[in-house]
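Trainee: Got a structure here, written out as structure tokens. Questions coming.
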Amino acid sequence: MTTDSTNSHGQIDVANADLLLSTTRAVRKRLDLTRPVPRELALECVRISTQSPAGGNYQKWRWVMVDDPEKKLVIAEAYRRTYAPYIEAQKSAVSEKAPDDSTLGKIMSSSDYLAEVLEQVPVLAIPCALGNPAQDGNGDGQGWWGSCIPAVWSYMLAARARGLGTAWTTLHLGGEQEVAEALGIPPTVMQLACVPTAYYTGETFRPGARRPAEEVTYWNEWKNTDIS
Ligand SMILES: Cc1cc2nc3c(=O)[nH]c(=O)nc-3n(C[C@H](O)[C@H](O)[C@H](O)COP(=O)(O)O)c2cc1C
């Protein structure tokens, strides 16, 4: 049975839900740097994120929302220090292996832009986990990571639904320590990401380029296809 996407199920309009889930993009060039984001709106996104699943229903994470210009600058400088060598390596790999790949070219130019303007983004949201997987995780920490990551994605989805663009970023973590000091984050707390949050410009986003579901789905047994 396939789902009729024009249907609604209970309170859910499937077409709208799918639109949200498939068009929540990494927004960089379309972040509106001129329009402040009200704290209450950002808080609404956090409120939705608290509904995400977590092992044992322990919400072992917190959000540090940064709208102070000096503190944003600390984060942006840490980000840029890690970004510079990272993107240089990416660019040389791409120019060697896929010089004509315009999609990669666009992602890199958009990434360059975000690195340049990061401190101008109205809110930098830093999701943080209480503890770390080495201390608290079972196995390799799957339960631990699985209890934190959904909250971040829920925040991004809630933001998109409210006209806010976000991008999951991690490169400031090269300077995690100095950011922790600037934000007063204790050593037992692990920063998970930095999610720039701003109103987006323009109206629409399109689904991204992804592998087909049939290619990434196996029924009942692992298929040893190309796993590169
Ligand atoms: C764990 C993780 C780390 C990421 N780190 C960064 C980052 O530091 N900087 C950045 O610009 N984008 C970062 N991204 C965004 C990805 O580049 C983006 O999700 C990917 O290109 C797909 O983009 P799309 O969702 O718009 O199609 C990260 C994404 C994830 C999931």
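By order of appearance in the structure tokens: chains A, B, ..., then residues from 1 within every chain, and ligands from 1 in the order shown.
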Would you name the residues within 6 Å of ligand 1, counting only C-alpha atoms and all ligand atoms, and put them as a PyMOL selection string?
Mentor: chain A and resi 25-26+111+167-171+208
Trainee: Find the spatial neighbours of Val37 of chain A, counting only C-alpha atoms, within a cut-off of 10 Å - ignore same-chain residues fewer than 3 positions away - and output them as number ranges by chain.
Mentor: A: 32-34, 40-42, 67, 121-123, 164, 197-199
Trainee: At a cut-off of 9 Å, using only C-alpha atoms, what residues contact segment 135-147 of chain A? Leave out same-chain residues fewer than 5 positions from it and give the result as a count of residues only.
Mentor: 10
Trainee: Enumerate as a PyMOL selection string all residues of segment 132-226 of chain A assigned to alpha helix (DSSP H) by DSSP on the backbone, naming them with the chain letters and numbers the document uses.
Mentor: chain A and resi 133-136+142-161+176-183+213-216
Trainee: When you look at segment 150-160 of chain A with a cut-off of 6 Å (counting only C-alpha atoms), what residues show up, excluding the ones that are within fewer than 6 positions of it in the same chain? I need them as an mmCIF file with all heavy atoms, in the first residue's frame.
Mentor:
```cif
data_model
loop_
_atom_site.group_PDB
_atom_site.id
_atom_site.type_symbol
_atom_site.label_atom_id
_atom_site.label_comp_id
_atom_site.auth_asym_id
_atom_site.auth_seq_id
_atom_site.Cartn_x
_atom_site.Cartn_y
_atom_site.Cartn_z
ATOM 1 N N CYS A 45 11.176 26.788 18.497
ATOM 2 C CA CYS A 45 11.859 25.683 17.797
ATOM 3 C C CYS A 45 12.475 24.727 18.825
ATOM 4 O O CYS A 45 12.421 23.502 18.661
ATOM 5 C CB CYS A 45 12.922 26.218 16.845
ATOM 6 S SG CYS A 45 12.249 27.356 15.628
ATOM 7 N N VAL A 46 13.054 25.292 19.870
ATOM 8 C CA VAL A 46 13.603 24.447 20.939
ATOM 9 C C VAL A 46 12.463 23.654 21.588
ATOM 10 O O VAL A 46 12.606 22.456 21.873
ATOM 11 C CB VAL A 46 14.342 25.301 21.993
ATOM 12 C CG1 VAL A 46 14.717 24.449 23.207
ATOM 13 C CG2 VAL A 46 15.585 25.940 21.389
ATOM 14 N N SER A 49 11.746 20.776 19.633
ATOM 15 C CA SER A 49 12.850 19.793 19.700
ATOM 16 C C SER A 49 12.754 18.926 20.950
ATOM 17 O O SER A 49 13.238 17.797 20.966
ATOM 18 C CB SER A 49 14.210 20.502 19.649
ATOM 19 O OG SER A 49 14.603 20.986 20.928
ATOM 20 N N SER A 52 11.444 15.302 20.669
ATOM 21 C CA SER A 52 12.170 14.240 19.970
ATOM 22 C C SER A 52 12.419 13.065 20.926
ATOM 23 O O SER A 52 12.401 13.242 22.141
ATOM 24 C CB SER A 52 13.495 14.788 19.435
ATOM 25 O OG SER A 52 14.269 15.238 20.519
#
```
Trainee: Can you pull out every residue within 12 Å of Ser110 of chain A, counting only C-alpha atoms, but drop anything in the same chain fewer than 3 positions away, and send it as a list in words?
Mentor: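 Here the answer would be Ala26, Val27, Arg28, Lys29, Arg30, Leu31, Ile87, Thr103, Leu104, Gly105, Lys106, Ile107, Tyr113, Leu114, Ala115, Glu116, Val117, Leu118 and Ala167 of chain A.
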Trainee: At what distance in Å, to one decimal, does atom CA of Ala125 of chain A lie from atom CA of Leu183 of chain A?
Mentor: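 Separation between atom CA of Leu183 of chain A and atom CA of Ala125 of chain A: 11.7 Å.
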Trainee: Env of Lys72 of chain A: 7 Å cut, atoms = only C-alpha atoms, seq-sep filter 4 positions within chain, self excluded. Answer as a ChimeraX atom specification.
Mentor: /A:66-68,76,119,124
Trainee: Please report, as a list in words, each residue of segment 83-223 of chain A to which DSSP assigns strand (DSSP E) when run on this structure's backbone.
Mentor: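 Of segment 83-223 of chain A, only Val123, Leu124, Ala125, Ile126, Pro127, Cys128, Ala129, Leu130, Leu164, Gly165, Thr166, Val189, Met190, Gln191, Val195, Pro196, Thr197, Ala198 and Tyr199 of chain A fall in strand (DSSP E).
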Trainee: Can you list, as a PyMOL selection string, every protein, DNA or RNA residue that comes within 8 Å of Pro207 of chain A when you count only C-alpha atoms, leaving out same-chain residues fewer than 4 positions away?
Mentor: chain A and resi 22-25
Trainee: May I have the residues from that selection written out with N, CA and C atoms, as a PDB file, in the first residue's frame?
Mentor:
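Contents of selection_5.pdb, as written:
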```
ATOM      1  N   SER A  22      11.368  17.062   3.239  1.00  0.00           N
ATOM      2  CA  SER A  22      12.256  16.912   2.080  1.00  0.00           C
ATOM      3  C   SER A  22      12.806  18.242   1.568  1.00  0.00           C
ATOM      4  N   THR A  23      12.449  19.333   2.179  1.00  0.00           N
ATOM      5  CA  THR A  23      12.984  20.623   1.710  1.00  0.00           C
ATOM      6  C   THR A  23      13.640  21.411   2.845  1.00  0.00           C
ATOM      7  N   THR A  24      13.975  20.738   3.921  1.00  0.00           N
ATOM      8  CA  THR A  24      14.727  21.410   4.980  1.00  0.00           C
ATOM      9  C   THR A  24      16.211  21.265   4.633  1.00  0.00           C
ATOM     10  N   ARG A  25      16.702  22.251   3.942  1.00  0.00           N
ATOM     11  CA  ARG A  25      18.042  22.244   3.351  1.00  0.00           C
ATOM     12  C   ARG A  25      19.064  22.890   4.288  1.00  0.00           C
TER      13      ARG A  25
END
```
Trainee: So how far away is atom CA of Pro127 of chain A from atom CA of Met108 of chain A, in Å?
Mentor: 24.4 Å
Trainee: Using only C-alpha atoms, can you tell me which of A:Ala17, A:Glu96, A:His172, A:Gln11 comes closest to Leu73 of chain A?
Mentor: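 Distance minimum relative to Leu73 of chain A lands on A:His172.
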Trainee: One decimal, in Å: what's the spacing between atom CA of Glu70 of chain A and atom CA of Asn132 of chain A?
Mentor: 27.8 Å
